[in-house]
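Data block for work_17.cif (mmCIF, C-alpha atoms):
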data_entry
#
loop_
_atom_site.label_atom_id
_atom_site.label_comp_id
_atom_site.auth_asym_id
_atom_site.auth_seq_id
_atom_site.Cartn_x
_atom_site.Cartn_y
_atom_site.Cartn_z
CA MET Z 291 52.60 -5.64 -72.51
CA PRO Z 292 52.69 -5.58 -68.72
CA GLN Z 293 49.75 -4.05 -66.92
CA ILE Z 294 50.09 -0.32 -66.26
CA PHE Z 295 48.34 -0.53 -62.95
CA SER Z 296 49.48 -3.09 -60.48
CA LYS Z 297 47.02 -4.80 -58.18
CA LYS Z 298 47.89 -2.31 -55.46
CA ALA Z 299 46.29 0.43 -57.50
CA ASN Z 300 42.90 -0.81 -56.45
CA TYR Z 301 43.73 -0.16 -52.84
CA LEU Z 302 45.15 3.23 -53.70
CA ALA Z 303 42.07 4.20 -55.60
CA ARG Z 304 39.73 3.05 -52.86
CA GLY Z 305 41.92 4.58 -50.18
CA SER Z 306 41.97 7.97 -51.83
CA ILE Z 307 38.21 7.94 -52.28
CA VAL Z 308 37.80 7.31 -48.55
CA MET Z 309 40.41 9.93 -47.66
CA THR Z 310 38.79 12.56 -49.89
CA GLY Z 311 35.62 12.06 -47.90
CA VAL Z 312 37.45 12.22 -44.58
CA VAL Z 313 39.36 15.37 -45.52
CA PHE Z 314 36.20 17.00 -46.82
CA VAL Z 315 34.33 16.31 -43.59
CA LEU Z 316 37.27 17.63 -41.58
CA ILE Z 317 37.42 20.84 -43.60
CA VAL Z 318 33.71 21.43 -43.11
CA LEU Z 319 34.03 20.74 -39.39
CA ILE Z 320 37.07 22.94 -38.94
CA SER Z 321 35.63 25.88 -40.82
CA HIS Z 322 32.23 25.84 -39.14
CA ASN Z 323 31.43 23.96 -35.99
CA VAL Z 324 34.92 23.88 -34.66
CA THR Z 325 35.16 27.66 -34.90
CA ALA Z 326 32.23 27.95 -32.58
CA TYR Z 327 33.71 25.31 -30.32
CA THR Z 328 37.33 26.50 -30.15
CA HIS Z 329 36.25 30.10 -29.64
CA ASP Z 330 33.70 29.32 -26.92
CA LEU Z 331 30.96 31.07 -28.89
CA GLY Z 332 27.72 31.33 -26.98
CA VAL Z 333 29.24 30.02 -23.75
CA ALA Z 334 28.41 32.18 -20.72
CA PHE Z 335 31.54 33.39 -18.96
CA GLN Z 336 31.77 32.95 -15.23
CA GLN Z 337 32.56 36.25 -13.52
CA PRO Z 338 33.52 37.16 -9.93
CA ALA Z 339 30.15 38.89 -9.51
CA PRO Z 340 27.15 37.66 -11.53
CA PHE Z 341 26.75 40.93 -13.41
CA SER Z 342 23.81 40.86 -15.81
CA HIS Z 343 23.74 43.09 -18.88
CA LYS Z 344 20.15 42.11 -19.49
CA HIS Z 345 19.17 43.40 -16.07
CA HIS Z 346 21.12 46.64 -16.15
CA VAL Z 347 20.75 47.51 -19.85
CA LYS Z 348 17.32 46.22 -20.84
CA GLU Z 349 15.38 46.30 -17.60
CA LEU Z 350 16.96 49.36 -15.98
CA GLY Z 351 17.70 51.14 -19.25
CA ILE Z 352 21.28 52.12 -18.46
CA ASP Z 353 23.26 53.26 -21.50
CA CYS Z 354 26.39 51.30 -22.48
CA ARG Z 355 28.43 54.46 -22.05
CA TYR Z 356 27.48 54.85 -18.41
CA CYS Z 357 29.87 51.96 -17.74
CA HIS Z 358 32.02 51.81 -20.90
CA GLN Z 359 32.47 55.54 -21.23
CA SER Z 360 35.65 55.60 -23.31
CA VAL Z 361 34.04 53.64 -26.15
CA GLU Z 362 33.40 56.83 -28.14
CA LYS Z 363 36.65 58.48 -27.23
CA GLY Z 364 39.43 55.96 -27.65
CA PRO Z 365 40.49 52.49 -28.78
CA PHE Z 366 39.26 50.76 -25.64
CA ALA Z 367 35.71 50.60 -24.40
CA GLY Z 368 37.06 50.06 -20.92
CA LEU Z 369 35.46 48.27 -18.00
CA PRO Z 370 33.75 50.18 -15.19
CA PRO Z 371 35.73 50.84 -12.02
CA THR Z 372 34.20 49.55 -8.79
CA GLU Z 373 33.19 53.10 -7.99
CA THR Z 374 30.68 53.01 -10.85
CA CYS Z 375 28.92 49.97 -9.40
CA TYR Z 376 29.20 51.40 -5.94
CA THR Z 377 27.45 54.71 -6.65
CA CYS Z 378 24.27 52.69 -7.12
CA HIS Z 379 25.00 49.69 -4.93
CA SER Z 380 25.90 51.76 -1.89
CA GLN Z 381 22.13 52.31 -1.78
CA ILE Z 382 20.58 49.45 -3.73
CA TRP Z 383 20.76 45.80 -2.66
CA THR Z 384 23.36 46.78 -0.08
CA ASN Z 385 23.19 43.42 1.66
CA SER Z 386 22.95 41.14 -1.34
CA PRO Z 387 25.47 38.30 -1.12
CA LEU Z 388 25.82 38.56 -4.91
CA LEU Z 389 27.40 41.97 -4.41
CA LYS Z 390 29.88 41.03 -1.71
CA VAL Z 391 32.67 41.10 -4.29
CA VAL Z 392 31.78 44.69 -5.18
CA ARG Z 393 31.68 45.84 -1.55
CA ASP Z 394 34.94 44.08 -0.71
CA SER Z 395 36.60 45.59 -3.75
CA TYR Z 396 35.43 49.05 -2.72
CA THR Z 397 36.44 48.82 0.95
CA THR Z 398 39.84 47.19 0.31
CA ASN Z 399 40.57 49.31 -2.76
CA THR Z 400 41.42 46.33 -4.97
CA PRO Z 401 39.99 46.15 -8.49
CA ILE Z 402 37.54 43.41 -9.43
CA GLU Z 403 39.20 40.96 -11.82
CA TRP Z 404 36.67 40.46 -14.62
CA ASN Z 405 37.39 37.59 -16.98
CA ARG Z 406 37.92 38.89 -20.48
CA VAL Z 407 35.29 37.65 -22.88
CA ASN Z 408 36.67 39.02 -26.14
CA ASN Z 409 40.36 39.06 -26.78
CA LEU Z 410 42.03 39.80 -30.09
CA PRO Z 411 45.53 38.47 -30.64
CA ASP Z 412 48.18 41.03 -29.72
CA PHE Z 413 49.19 41.51 -33.36
CA VAL Z 414 45.81 42.97 -34.29
CA TYR Z 415 45.06 46.65 -33.85
CA PHE Z 416 41.49 47.60 -33.05
CA ASP Z 417 39.86 50.91 -32.24
CA HIS Z 418 36.35 51.33 -30.88
CA SER Z 419 35.98 55.07 -31.38
CA VAL Z 420 36.38 55.00 -35.16
CA HIS Z 421 33.71 52.32 -35.51
CA VAL Z 422 31.25 54.09 -33.24
CA ALA Z 423 31.93 57.40 -34.99
CA LYS Z 424 31.22 55.81 -38.38
CA GLY Z 425 27.92 54.26 -37.38
CA VAL Z 426 28.87 50.68 -36.45
CA SER Z 427 26.67 49.50 -33.58
CA CYS Z 428 27.81 47.63 -30.47
CA TYR Z 429 25.17 45.04 -31.27
CA THR Z 430 26.60 44.35 -34.75
CA CYS Z 431 29.84 43.09 -33.24
CA HIS Z 432 28.90 41.93 -29.74
CA GLY Z 433 25.46 40.46 -30.43
CA GLN Z 434 22.33 41.04 -28.37
CA VAL Z 435 24.16 42.14 -25.24
CA ASP Z 436 20.90 43.53 -23.87
CA GLN Z 437 19.52 39.98 -23.77
CA MET Z 438 22.50 38.36 -22.05
CA ASN Z 439 22.46 37.55 -18.37
CA LEU Z 440 26.03 36.40 -18.17
CA LEU Z 441 27.90 37.72 -21.17
CA TYR Z 442 28.98 35.43 -23.99
CA LYS Z 443 30.86 35.80 -27.25
CA GLU Z 444 28.64 36.25 -30.27
CA ASN Z 445 31.41 36.48 -32.87
CA ALA Z 446 34.86 34.93 -32.96
CA PHE Z 447 36.49 38.10 -34.37
CA GLU Z 448 38.42 36.15 -36.97
CA MET Z 449 40.06 38.06 -39.79
CA ILE Z 450 37.46 36.99 -42.35
CA TRP Z 451 34.73 38.31 -40.10
CA CYS Z 452 36.28 41.76 -39.85
CA LEU Z 453 36.97 41.80 -43.58
CA ARG Z 454 33.43 40.89 -44.51
CA CYS Z 455 32.36 44.28 -43.22
CA HIS Z 456 35.47 46.18 -44.29
CA ARG Z 457 34.81 45.05 -47.86
CA ASN Z 458 31.18 46.05 -47.73
CA PRO Z 459 30.45 48.51 -44.93
CA GLU Z 460 27.25 49.69 -46.68
CA ALA Z 461 25.41 46.68 -45.37
CA GLN Z 462 26.11 47.45 -41.72
CA VAL Z 463 26.68 51.14 -40.97
CA ARG Z 464 23.76 52.96 -39.38
CA PRO Z 465 22.82 56.56 -38.73
CA LYS Z 466 24.54 57.92 -35.62
CA SER Z 467 21.27 58.03 -33.68
CA GLU Z 468 20.77 54.25 -34.07
CA ILE Z 469 24.07 52.98 -32.70
CA PHE Z 470 22.61 52.01 -29.33
CA ASN Z 471 19.38 50.64 -30.78
CA PRO Z 472 19.18 46.87 -30.18
CA ASN Z 473 16.34 46.40 -32.66
CA TYR Z 474 17.50 48.40 -35.66
CA ASP Z 475 15.56 47.57 -38.78
CA TYR Z 476 17.79 46.83 -41.78
CA SER Z 477 14.96 46.16 -44.20
CA GLN Z 478 15.16 49.52 -45.95
CA HIS Z 479 18.90 49.77 -45.80
CA GLU Z 480 19.85 49.37 -49.45
CA THR Z 481 20.10 53.04 -50.41
CA LEU Z 482 20.62 54.44 -46.93
CA GLY Z 483 23.79 52.36 -46.45
CA LYS Z 484 25.42 53.82 -49.57
CA GLN Z 485 24.46 57.34 -48.55
CA LEU Z 486 25.89 56.87 -45.08
CA VAL Z 487 29.22 55.49 -46.35
CA GLU Z 488 29.52 58.65 -48.43
CA GLN Z 489 28.35 60.94 -45.65
CA TYR Z 490 30.79 59.45 -43.11
CA GLY Z 491 33.59 59.66 -45.68
CA ILE Z 492 34.50 56.00 -45.20
CA LYS Z 493 37.62 55.22 -47.22
CA LYS Z 494 36.45 51.89 -48.54
CA GLU Z 495 39.33 51.33 -50.93
CA GLN Z 496 41.90 51.19 -48.12
CA LEU Z 497 39.87 49.35 -45.49
CA THR Z 498 41.15 45.93 -46.55
CA ASN Z 499 44.82 46.88 -46.50
CA CYS Z 500 46.85 44.74 -44.13
CA TRP Z 501 48.28 47.75 -42.30
CA ILE Z 502 44.85 48.89 -41.19
CA CYS Z 503 44.71 46.05 -38.67
CA HIS Z 504 48.32 44.85 -38.47
CA ARG Z 505 50.53 47.82 -37.66
CA MET Y 235 51.99 0.15 -49.25
CA ARG Y 236 49.18 -1.54 -47.37
CA PRO Y 237 45.81 0.25 -47.33
CA GLY Y 238 45.90 0.56 -43.53
CA ALA Y 239 49.23 2.31 -43.71
CA ILE Y 240 47.88 4.79 -46.21
CA VAL Y 241 44.96 5.65 -44.00
CA ILE Y 242 47.19 6.03 -40.95
CA ALA Y 243 49.76 8.11 -42.78
CA SER Y 244 47.21 10.52 -44.16
CA SER Y 245 45.44 10.84 -40.81
CA LEU Y 246 48.77 11.73 -39.23
CA LEU Y 247 49.29 14.36 -41.87
CA VAL Y 248 45.92 15.96 -41.15
CA CYS Y 249 46.48 15.82 -37.38
CA GLY Y 250 49.90 17.35 -37.84
CA ALA Y 251 48.42 20.16 -39.85
CA ILE Y 252 45.88 20.89 -37.12
CA ILE Y 253 48.44 20.78 -34.33
CA GLY Y 254 50.72 22.98 -36.40
CA CYS Y 255 48.08 25.69 -36.20
CA GLU Y 256 48.53 26.08 -32.48
CA ARG Y 257 49.03 29.61 -31.21
CA ASP Y 258 52.54 30.90 -30.82
CA ASP Y 259 54.09 33.80 -28.95
CA MET Y 260 52.85 36.49 -31.28
CA TRP Y 261 49.33 35.93 -30.00
CA GLU Y 262 50.23 36.73 -26.40
CA GLN Y 263 53.12 39.16 -26.53
CA PRO Y 264 54.99 39.99 -23.34
CA LYS Y 265 53.50 43.45 -23.06
CA THR Y 266 50.97 44.80 -20.61
CA ALA Y 267 47.57 45.09 -22.21
CA VAL Y 268 45.20 47.87 -21.16
CA LEU Y 269 43.52 46.76 -17.92
CA GLY Y 270 45.69 43.63 -18.09
CA THR Y 271 47.86 41.91 -15.52
CA ASN Y 272 51.62 42.13 -15.10
CA GLU Y 273 53.35 39.69 -12.79
CA PHE Y 274 56.26 42.06 -12.31
CA PHE Y 275 54.26 43.99 -9.73
CA ASP Y 276 53.14 42.82 -6.26
CA ASN Y 277 49.45 42.71 -6.92
CA ASP Y 278 49.77 41.66 -10.60
CA GLN Y 279 48.04 44.86 -11.61
CA GLY Y 280 49.34 46.20 -14.93
CA ALA Y 281 47.95 49.71 -14.50
CA ARG Y 282 49.97 51.51 -11.82
CA MET Y 283 48.61 53.94 -9.26
CA PRO Y 284 50.29 57.33 -9.50
CA VAL Y 285 52.68 58.17 -6.69
CA LYS Y 286 51.03 60.18 -3.89
CA GLY Y 287 51.04 63.86 -4.68
CA THR Y 288 51.30 63.37 -8.43
CA VAL Y 289 49.80 66.22 -10.40
CA ALA Y 290 48.19 65.02 -13.60
CA ARG Y 291 49.43 66.81 -16.70
CA GLY Y 292 46.67 68.94 -18.16
CA ALA Y 293 44.33 68.20 -15.24
CA ASP Y 294 41.19 70.32 -15.06
CA ASN Y 295 42.29 72.11 -11.91
CA LEU Y 296 45.52 73.24 -13.57
CA GLN Y 297 43.73 74.98 -16.39
CA GLU Y 298 43.55 78.75 -16.36
CA ASP Y 299 40.05 79.06 -17.74
CA ASP Y 300 38.02 79.37 -14.53
CA LEU Y 301 34.75 79.57 -16.38
CA LEU Y 302 35.10 76.53 -18.60
CA TYR Y 303 36.79 74.21 -16.13
CA ARG Y 304 35.35 75.26 -12.78
CA GLY Y 305 32.15 77.13 -13.59
CA MET Y 306 33.39 80.25 -11.79
CA GLU Y 307 33.63 83.85 -12.88
CA ASN Y 308 35.07 86.66 -10.77
CA GLY Y 309 35.03 84.38 -7.72
CA LYS Y 310 31.34 83.62 -8.08
CA LEU Y 311 29.34 80.81 -9.66
CA ALA Y 312 29.11 81.67 -13.33
CA GLU Y 313 25.87 83.14 -14.55
CA ARG Y 314 26.49 82.30 -18.19
CA PHE Y 315 27.78 79.51 -20.36
CA PRO Y 316 31.46 79.58 -21.36
CA PHE Y 317 30.55 79.26 -25.05
CA GLU Y 318 27.57 80.00 -27.20
CA ILE Y 319 25.12 77.12 -27.19
CA THR Y 320 24.21 75.94 -30.66
CA GLU Y 321 21.67 73.36 -31.76
CA ASN Y 322 24.51 70.82 -32.04
CA ASP Y 323 25.41 71.43 -28.40
CA LEU Y 324 21.82 70.86 -27.37
CA ASN Y 325 21.62 67.62 -29.31
CA ALA Y 326 24.90 66.39 -27.83
CA GLY Y 327 23.67 67.44 -24.39
CA HIS Y 328 20.44 65.53 -24.93
CA ASP Y 329 22.36 62.38 -25.87
CA LYS Y 330 24.72 62.65 -22.90
CA TYR Y 331 21.97 63.58 -20.45
CA ASP Y 332 20.00 60.47 -21.36
CA ALA Y 333 23.08 58.30 -20.95
CA PHE Y 334 24.60 59.73 -17.79
CA CYS Y 335 21.89 61.53 -15.83
CA SER Y 336 18.54 59.97 -16.73
CA PRO Y 337 18.99 56.73 -14.74
CA CYS Y 338 18.44 58.88 -11.63
CA HIS Y 339 17.04 62.24 -12.74
CA ALA Y 340 14.69 60.68 -15.36
CA LYS Y 341 14.46 61.74 -18.98
CA SER Y 342 12.00 64.45 -18.04
CA GLY Y 343 14.20 65.73 -15.20
CA ASP Y 344 11.57 65.15 -12.53
CA GLY Y 345 13.95 63.04 -10.43
CA MET Y 346 12.06 59.76 -10.72
CA GLY Y 347 14.53 57.81 -12.84
CA MET Y 348 14.53 54.03 -13.00
CA ILE Y 349 17.18 53.68 -10.29
CA VAL Y 350 15.26 55.98 -7.98
CA GLN Y 351 12.18 53.84 -8.52
CA ARG Y 352 14.28 50.90 -7.31
CA GLY Y 353 15.17 52.62 -4.08
CA TYR Y 354 17.91 55.13 -4.79
CA LYS Y 355 17.74 58.51 -3.06
CA GLN Y 356 15.40 60.83 -4.95
CA PRO Y 357 16.92 64.08 -6.20
CA PHE Y 358 14.86 67.27 -6.40
CA SER Y 359 13.02 67.79 -9.65
CA PHE Y 360 14.84 70.15 -12.01
CA HIS Y 361 11.50 71.92 -12.41
CA ILE Y 362 11.24 73.47 -8.95
CA ASP Y 363 11.69 77.23 -8.74
CA ARG Y 364 15.00 77.06 -6.90
CA LEU Y 365 16.61 75.07 -9.69
CA ARG Y 366 14.94 76.98 -12.50
CA ASN Y 367 16.53 80.10 -11.09
CA ALA Y 368 19.89 78.50 -10.38
CA THR Y 369 22.79 79.69 -12.52
CA PRO Y 370 24.58 77.44 -15.03
CA GLY Y 371 27.61 77.68 -12.74
CA TYR Y 372 25.60 76.12 -9.89
CA PHE Y 373 24.87 73.01 -11.97
CA TYR Y 374 28.48 72.75 -13.03
CA SER Y 375 29.62 73.12 -9.48
CA VAL Y 376 27.29 70.36 -8.23
CA LEU Y 377 28.83 67.98 -10.73
CA ILE Y 378 32.45 68.63 -9.85
CA ARG Y 379 32.30 69.73 -6.19
CA GLY Y 380 29.08 68.32 -4.80
CA LEU Y 381 25.86 69.83 -3.62
CA ARG Y 382 25.51 73.37 -2.30
CA PRO Y 383 29.23 73.75 -1.84
CA THR Y 384 29.85 75.82 1.28
CA GLN Y 385 33.53 76.17 0.53
CA LEU Y 386 32.87 78.36 -2.47
CA PRO Y 387 33.69 82.02 -2.02
CA GLY Y 388 30.68 84.27 -2.37
CA VAL Y 389 28.07 81.53 -2.00
CA LYS Y 390 25.97 81.19 1.13
CA PHE Y 391 24.40 77.88 2.11
CA GLU Y 392 23.55 76.20 5.37
CA PRO Y 393 26.70 74.42 6.57
CA ASP Y 394 25.16 70.96 6.91
CA ASP Y 395 23.94 71.02 3.33
CA ASP Y 396 27.32 70.11 1.95
CA LYS Y 397 26.95 66.80 0.11
CA VAL Y 398 28.72 64.92 -2.58
CA HIS Y 399 26.97 64.25 -5.86
CA PRO Y 400 27.14 60.63 -7.09
CA ALA Y 401 30.27 60.22 -9.21
CA VAL Y 402 29.45 60.99 -12.83
CA ALA Y 403 31.45 64.10 -13.71
CA HIS Y 404 34.72 62.19 -14.25
CA LYS Y 405 33.09 60.42 -17.19
CA LEU Y 406 32.46 63.70 -18.98
CA SER Y 407 34.70 66.39 -20.43
CA PRO Y 408 34.06 69.99 -19.35
CA VAL Y 409 32.45 70.79 -22.71
CA GLU Y 410 30.14 67.78 -22.38
CA ARG Y 411 29.11 68.91 -18.90
CA TRP Y 412 28.14 72.34 -20.20
CA GLN Y 413 26.22 70.77 -23.09
CA ILE Y 414 24.26 68.70 -20.58
CA ILE Y 415 23.50 71.77 -18.48
CA ALA Y 416 22.29 73.58 -21.57
CA TYR Y 417 19.99 70.67 -22.26
CA ILE Y 418 18.67 70.74 -18.67
CA ARG Y 419 17.89 74.41 -19.26
CA ALA Y 420 15.94 73.41 -22.36
CA LEU Y 421 14.10 70.74 -20.35
CA GLN Y 422 13.22 73.30 -17.71
CA LEU Y 423 11.84 75.63 -20.33
CA SER Y 424 9.88 72.88 -22.04
CA GLN Y 425 8.29 71.66 -18.80
CA ASN Y 426 7.17 75.14 -17.91
CA ALA Y 427 6.09 76.15 -21.36
CA THR Y 428 2.61 77.44 -22.05
CA ILE Y 429 0.77 77.50 -25.32
CA GLU Y 430 1.92 81.12 -25.67
CA ASP Y 431 5.49 79.87 -26.22
CA VAL Y 432 4.54 77.89 -29.30
CA PRO Y 433 4.68 79.93 -32.51
CA MET Y 434 1.20 80.53 -33.91
CA GLU Y 435 1.78 78.57 -37.11
CA GLN Y 436 2.96 75.44 -35.23
CA ARG Y 437 0.17 75.18 -32.69
CA GLY Y 438 -1.88 73.00 -35.01
CA GLU Y 439 0.93 70.40 -34.91
CA LEU Y 440 0.39 69.80 -31.21
CA ASP Y 441 -2.98 68.20 -31.76
CA LYS Y 442 -1.71 65.78 -34.40
CA PRO Y 443 -0.83 62.23 -33.31
CA LYS Y 444 2.93 61.53 -33.18
CA THR Y 445 4.39 59.97 -36.33
CA GLU Y 446 6.47 56.83 -35.96
CA GLY Y 447 9.92 56.00 -37.29
CA SER Y 448 12.48 58.76 -37.30
CA ASN Y 449 15.18 56.35 -38.44
CA GLY Y 450 16.87 58.40 -41.11
CA GLU Y 451 17.28 61.31 -38.74
CA SER Y 452 20.82 62.05 -37.71
CA HIS Y 453 22.19 64.46 -35.19
#
Reformat the file's structure so that it appears as C-alpha cells.
Amino acid sequence: MPQIFSKKANYLARGSIVMTGVVFVLIVLISHNVTAYTHDLGVAFQQPAPFSHKHHVKELGIDCRYCHQSVEKGPFAGLPPTETCYTCHSQIWTNSPLLKVVRDSYTTNTPIEWNRVNNLPDFVYFDHSVHVAKGVSCYTCHGQVDQMNLLYKENAFEMIWCLRCHRNPEAQVRPKSEIFNPNYDYSQHETLGKQLVEQYGIKKEQLTNCWICHR
Amino acid sequence: MRPGAIVIASSLLVCGAIIGCERDDMWEQPKTAVLGTNEFFDNDQGARMPVKGTVARGADNLQEDDLLYRGMENGKLAERFPFEITENDLNAGHDKYDAFCSPCHAKSGDGMGMIVQRGYKQPFSFHIDRLRNATPGYFYSVLIRGLRPTQLPGVKFEPDDDKVHPAVAHKLSPVERWQIIAYIRALQLSQNATIEDVPMEQRGELDKPKTEGSNGESH
C-alpha cells in the first residue's frame, strides 16, 4: 500500500504550524495595538492656537457648555466661535503671541480652522443631546479632557465600543447632576445604575438595532 | 509546493486582507459636515453667512411676546417674571448660572470670579442695593442689550453709561435667561438673609457640620 502522506506533507504540517502562529500574532496585533496606532489614540493634536482644556476647564473652572453650548440641545456639541475666546482675551493676555491666531481671526472675521480630533464615518449617526439627557458623561466618551493640555483621542469610537455601552448602559449612566464631574465614583453603582436606566426610560431592547446608528 | 512558496502565498493573503479593509467613499461622503469645509465656495467654508439684511425665521426680535423675549412690559422694563418660577426653574437657573455667569460674577455673585481674578474687568456685586432693587427686566435687558441701556423708552440713565455686556446671551434661550435671573434673585436673598429668615425648626441645622456626598441627588 502506498503511503497516504507524501514527503511533502512534512513541510505542509510544519508550514501550517508556523502560519497559525503568525496569523494569531497578527490578529492580536490588529485587534489591540494597531487600533490604538491607526486611530492615533493618545496622540496630541496640533492646533492653530495651543488651546489647553486643562488650563481653561480645570484651572479656571469653565464649564464645557460655556464653549460647547449646543451639547445639551442638539446632535453636535459645536466648537466655540472666535467671539467666545475674544470676550475674555480682549482683556486677558492681549499681547500673548500664542493668541495671535485668535486676534487675527477676530479682526479679519475669518473662522479659526481647528483640526478635528474625533470624526465618525459619515454613515454613522450620533447625537450628543440624547446621551447627555440620559446621564452619559463627557468624560465617559472623551476621557479626562480636564487633564489634557492639547486634546487627544481617548477612544476610537469603533462600533464595538458604542455597543458595549448600548448593551449594558447600567454600568455607565450617572445621575444628571454628575455629568460634568470628572471624578465620579462608580464604586456604589450596582443598584443605582439599574434605577437610573428605569428612571430615564432608556429603551434597552432597541439600543443595539442597526438603525439606531445607521439611518 | 515548496515551503517558501507556502509562506509567501499565505503572507500575501493576509496582506491582501488588510489592504482590502481600506476606507472607501462611504466613510467620507461628498456632503458638507457641520462646521466642515466645502471647496465649492471661495473660502472653503461650508457654513454660509446669511445675505445682508436676512431676517432669521423665528428670531427673538420677531416674537410678539414683549415680556418673555425682550423683558419689557407696557414700554418699561418688566417688574415681574414672564412665568411663575418653580423649584425646577431655580435648579435649572443654578446650573446655568454656574456654567455661564460664574466665571466672571463668581458663584456667590460678588463679582470676583476666576476670570476677574486673572485680570478681567470686575463687575459690580449683585449684592449692592442698586442691583437688589433692580427689576427682573433690568437684568434681562443687560443680557440682550447691554448695560444701562439709554435707548430704552421710559428708562433714565447717564448717557455715557451705555455699555455692552460680554457676549453670553446668545448661548441661552429666553426661558433659560429668566431662570438664571430668578436664581440671581435667590442668591441676593440668601446673601442678605438674617437668622430671622430661617424657619425656627431648621435653625439647629445651621450649626451642624456639612455632610459629604450628595451623589444620588438629582435635579
For chain Z versus chain Y, which residues have an atom no more than 6 Å away, and what is each residue's nearest atom pair and distance in Å rounded to one decimal, using only C-alpha atoms, chain-then-number order, as a tab-separated table?
residue	atom	partner	partner_atom	distance
Z:Tyr301	CA	Y:Pro237	CA	5.9
Z:Asp353	CA	Y:Ala333	CA	5.1
Z:Tyr356	CA	Y:Phe334	CA	5.7
Z:Thr377	CA	Y:Pro400	CA	5.9
Z:Gln381	CA	Y:Tyr354	CA	5.9
Z:Pro411	CA	Y:Trp261	CA	4.6
Z:Asp412	CA	Y:Trp261	CA	5.2
Z:Pro465	CA	Y:Ser452	CA	5.9
Z:Lys466	CA	Y:Ser452	CA	5.9
Z:Ser467	CA	Y:Ser452	CA	5.7
Review point. From the list Z:Glu349, Z:Asp417, Z:Glu480, Z:Glu460, which residue is nearest Gly364 (chain Z) when using all atoms listed in the file?
Key: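 Of all the options, Z:Asp417 lies closest to Gly364 (chain Z).
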Pull out every residue that the PyMOL selection byres ((chain Z and resi 498) around 7) matches in the shown coordinates and put them as a list of chain:residue names.
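That expression, the PyMOL selection byres ((chain Z and resi 498) around 7), corresponds here to Z:Leu453, Z:His456, Z:Arg457, Z:Gln496, Z:Leu497, Z:Asn499, Z:Cys500.
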Work out how far CA of Ile469 (chain Z) is from CA of Arg406 (chain Z), in Å to one decimal.
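CA of Ile469 (chain Z) lies 23.2 Å from CA of Arg406 (chain Z).
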Worksheet entry | Explicit residue set for the PyMOL selection byres ((chain Y and resi 366) around 12), as a list in words | Gly343, Phe358, Ser359, Phe360, His361, Ile362, Asp363, Arg364, Leu365, Asn367, Ala368, Thr369, Pro370, Tyr372, Phe373, Ile415, Ile418, Arg419, Ala420, Leu421, Gln422, Leu423, Ser424, Gln425 and Asn426 of chain Y
I'd like the neighbourhood of region 334-342 of chain Z as a count of residues only, where a residue qualifies if any of its atoms comes within 8 Å (using all atoms listed in the file), though same-chain residues fewer than 3 positions away should be ignored.
17
| request: Calculate how many Å separate CA of Glu444 (chain Z) from CA of Cys428 (chain Z), rounding to one decimal. | output: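 Straight-line distance from CA of Glu444 (chain Z) to CA of Cys428 (chain Z) works out to 11.4 Å.
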Of the listed residues Z:Ser380, Z:Ser427, Z:Gln478, Z:Asn300, that which approaches Arg464 (chain Z) most closely, counting all atoms listed in the file: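 For Arg464 (chain Z), the nearest of the given residues is Z:Ser427.
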Legend entry - Computed interatomic separation between CA of Leu482 (chain Z) and CA of Val463 (chain Z) (Å):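 Separation between CA of Leu482 (chain Z) and CA of Val463 (chain Z): 9.1 Å.
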- request: Excluding Val398 (chain Y) and residues on its chain fewer than 2 positions from it, collect all residues at most 9 Å away from it, counting all atoms listed in the file, and give them as a PyMOL selection string.
  value: chain Y and resi 376-381+383+396+400-401
Generate a file of the selected residues that holds C-alpha atoms, formatted as a PDB file, in the coordinates of the input.
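Written file, result_10.pdb:
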ATOM      1  CA  VAL Y 376      27.290  70.360  -8.230  1.00  0.00           C
ATOM      2  CA  LEU Y 377      28.830  67.980 -10.730  1.00  0.00           C
ATOM      3  CA  ILE Y 378      32.450  68.630  -9.850  1.00  0.00           C
ATOM      4  CA  ARG Y 379      32.300  69.730  -6.190  1.00  0.00           C
ATOM      5  CA  GLY Y 380      29.080  68.320  -4.800  1.00  0.00           C
ATOM      6  CA  LEU Y 381      25.860  69.830  -3.620  1.00  0.00           C
ATOM      7  CA  PRO Y 383      29.230  73.750  -1.840  1.00  0.00           C
ATOM      8  CA  ASP Y 396      27.320  70.110   1.950  1.00  0.00           C
ATOM      9  CA  PRO Y 400      27.140  60.630  -7.090  1.00  0.00           C
ATOM     10  CA  ALA Y 401      30.270  60.220  -9.210  1.00  0.00           C
TER      11      ALA Y 401
END
* Asked: Leaving out Cys455 (chain Z) and any residue of its chain fewer than 5 positions from it, which residues lie within 12 Å of it when counting all atoms listed in the file, given as a list in words?
  -> His421, Val426, Thr430, Cys431, Phe447, Glu448, Met449, Ile450, Glu460, Ala461, Gln462, Val463, Lys494, Leu497 and Thr498 of chain Z
### Message
Just want the 7 Å neighbourhood of His504 (chain Z), counted on all atoms listed in the file, with same-chain residues fewer than 6 positions away dropped. Output as a ChimeraX atom specification.
### Response
/Z:413-415
Neighbouring residues of Ser375 (chain Y) were defined as those with any atom within 12 Å, considering all atoms listed in the file; residues of the same chain fewer than 5 positions away were excluded. Please report them as a short mmCIF file (atom, residue, chain, number, x, y, z; two decimals) with C-alpha atoms, in the coordinates of the input.
data_model
loop_
_atom_site.label_atom_id
_atom_site.label_comp_id
_atom_site.auth_asym_id
_atom_site.auth_seq_id
_atom_site.Cartn_x
_atom_site.Cartn_y
_atom_site.Cartn_z
CA ASP Y 300 38.02 79.37 -14.53
CA LEU Y 301 34.75 79.57 -16.38
CA LEU Y 302 35.10 76.53 -18.60
CA TYR Y 303 36.79 74.21 -16.13
CA ARG Y 304 35.35 75.26 -12.78
CA GLY Y 305 32.15 77.13 -13.59
CA MET Y 306 33.39 80.25 -11.79
CA GLU Y 307 33.63 83.85 -12.88
CA LYS Y 310 31.34 83.62 -8.08
CA LEU Y 311 29.34 80.81 -9.66
CA ALA Y 312 29.11 81.67 -13.33
CA GLU Y 313 25.87 83.14 -14.55
CA ALA Y 368 19.89 78.50 -10.38
CA THR Y 369 22.79 79.69 -12.52
CA PRO Y 370 24.58 77.44 -15.03
CA GLY Y 380 29.08 68.32 -4.80
CA LEU Y 381 25.86 69.83 -3.62
CA ARG Y 382 25.51 73.37 -2.30
CA PRO Y 383 29.23 73.75 -1.84
CA THR Y 384 29.85 75.82 1.28
CA GLN Y 385 33.53 76.17 0.53
CA LEU Y 386 32.87 78.36 -2.47
CA VAL Y 389 28.07 81.53 -2.00
CA LYS Y 397 26.95 66.80 0.11
CA VAL Y 398 28.72 64.92 -2.58
CA HIS Y 399 26.97 64.25 -5.86
CA ALA Y 403 31.45 64.10 -13.71
CA PRO Y 408 34.06 69.99 -19.35
CA ARG Y 411 29.11 68.91 -18.90
CA TRP Y 412 28.14 72.34 -20.20
CA ILE Y 415 23.50 71.77 -18.48
#
